[in-house]
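A.B. asks: I have a structure I would like to understand better, so I am pasting it below and will then ask my questions one at a time.
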Amino acid sequence: MKKFYAFAAAAMAAVSMNAQSLYVCGAGEGLGWTPDAPFEVALAGGAYTMEINDLTSIKISTAMGDWDSFNAGALFVSLDKTNVGQALEVVNGDANILTPWKGDWKIVVAGDLSTMTFTTTTPAPTGATPVYLRGAMNGWGSDEAWQMTSVSENKYTFECKGETMIPMGTMFKIADADWGSINYGAGDGATIYVESEPEEGENCYEAVWVYNVEGGTTEDDFEGTITISWESAQGDATVIMNLEGMGSIKDITVDANAPKTYYNLQGVEVANPAAGLYIVRQGNKVAKELVK
């Protein structure tokens, strides 16, 4: 049963049968990506109000039908963690509205469709968002074994080796657990060519990946490191792939005497690590280390 509270029961009785409605698709409890059968929200008390649990992505439109019709009437706001609770200006745009974090969100759209306000009772998470290599090699899941290491808030790395190698012809992407704000692919099922002998000053593979597009496949079995970085949510990302034992010619030599900094698997720095598995950064090298 859908748990979607469009407005209070008392206000429901006052809604006119001819009131304009908004139509909602998305990734949250009670929602789906079906523009011909979206959730409908009626005007009540001068606004369109909805409360959605476990929300990560939403698209709101004045029209329903096929995607062309739905997108033509879509409403967009630039939502991020800095403007939660603010009345944001609504513009026409068919990009998904991503919540800054997964949670139970209340959305109020002004009756004249001029502003949209997002609030939540779910606390903002601490530490870096878990990011994974996701593809046919792991059933497109978010297994811990395929979790990337957070170097910073917008930069992650991963070592493909042994059981975490990427077999030839296997499609994969880089995304968070909810396919939310971090969801990158090479696009159009592209074949990824990792050069074994790159030109001087170049990486084995470096390319721009795009938000929310199809993944890519490697030309050969891939063992080595993958690094992804981006500047803004849904903005283009830079992906670098280096073969095992063959770092980028642009890499800086690691200082073996550089101090180590320990982080837990959520990317939070740990000053005095107890026994367990940690992410360790030493100079420009990042790796997982088991502390005993």
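Here, A, B, ... name the chains of the structure tokens in the order displayed, residue numbers run from 1 inside each chain, and ligands are numbered from 1 in the same displayed order.
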So that I can check the secondary structure, give me every residue of stretch 3-184 of chain A assigned helix (DSSP H, G or I) by backbone DSSP, as a ChimeraX atom specification.
C.D. replies: /A:9-12,67-72,136-138,144-146,162-164
A.B. asks: Convert the current residue selection to file output with C-alpha atoms, as a compact mmCIF listing (two decimals), in the first residue's frame.
C.D. replies:
```
# COMPACT_ATOMS: atom_id res chain seq x y z
CA ALA A 9 -7.83 14.72 5.72
CA ALA A 10 -9.66 17.86 6.85
CA ALA A 11 -8.36 19.79 3.85
CA MET A 12 -9.18 16.96 1.46
CA TRP A 67 7.75 11.03 -20.99
CA ASP A 68 7.63 13.79 -23.62
CA SER A 69 4.42 15.16 -22.11
CA PHE A 70 5.57 14.68 -18.53
CA ASN A 71 8.93 16.35 -19.15
CA ALA A 72 7.34 19.27 -21.02
CA ALA A 136 27.07 -7.10 -14.33
CA MET A 137 30.10 -8.45 -12.40
CA ASN A 138 28.23 -7.96 -9.08
CA GLU A 144 30.91 -3.83 0.52
CA ALA A 145 33.62 -5.57 -1.51
CA TRP A 146 32.97 -3.12 -4.36
CA GLY A 162 41.46 -10.66 -8.09
CA GLU A 163 37.81 -11.07 -7.12
CA THR A 164 37.16 -7.39 -7.80
```
A.B. asks: Got a sec: who's within 12 Å of A:Thr117, counting only C-alpha atoms, leaving out chain neighbours fewer than 6 positions off, as a PyMOL selection string?
C.D. replies: chain A and resi 47-51+76-80+83-90+97+99+105-110
A.B. asks: Find the residues of stretch 44-126 of chain A that sit at most 7 Å from stretch 179-190 of chain A; for each, write down the nearest two atoms and how far apart they are in Å, to one decimal. Count only C-alpha atoms. Sort by chain, then by number going up, and give it as a tab-separated table.
C.D. replies:
```
residue	atom	partner	partner_atom	distance
A:Thr56	CA	A:Gly180	CA	5.9
A:Ser57	CA	A:Gly180	CA	6.5
A:Leu98	CA	A:Ser181	CA	6.2
```
A.B. asks: Keeping only N, CA and C atoms, write those residues as a PDB file, in the first residue's frame.
C.D. replies:
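The resulting file, selection06.pdb, is reproduced below:
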```pdb
ATOM      1  N   THR A  56      14.907   9.858  -2.549  1.00  0.00           N
ATOM      2  CA  THR A  56      16.223  10.252  -3.053  1.00  0.00           C
ATOM      3  C   THR A  56      16.138  11.081  -4.330  1.00  0.00           C
ATOM      4  N   SER A  57      15.063  10.904  -5.103  1.00  0.00           N
ATOM      5  CA  SER A  57      14.955  11.595  -6.385  1.00  0.00           C
ATOM      6  C   SER A  57      13.487  11.755  -6.736  1.00  0.00           C
ATOM      7  N   LEU A  98      17.132  16.003  -6.920  1.00  0.00           N
ATOM      8  CA  LEU A  98      17.763  15.055  -6.014  1.00  0.00           C
ATOM      9  C   LEU A  98      17.764  15.612  -4.601  1.00  0.00           C
TER      10      LEU A  98
END
```
A.B. asks: Atom CA of A:Met168 and atom CA of A:Glu200 are how many Å apart?
C.D. replies: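 If I compute the distance from atom CA of A:Met168 to atom CA of A:Glu200, I get 26.0 Å.
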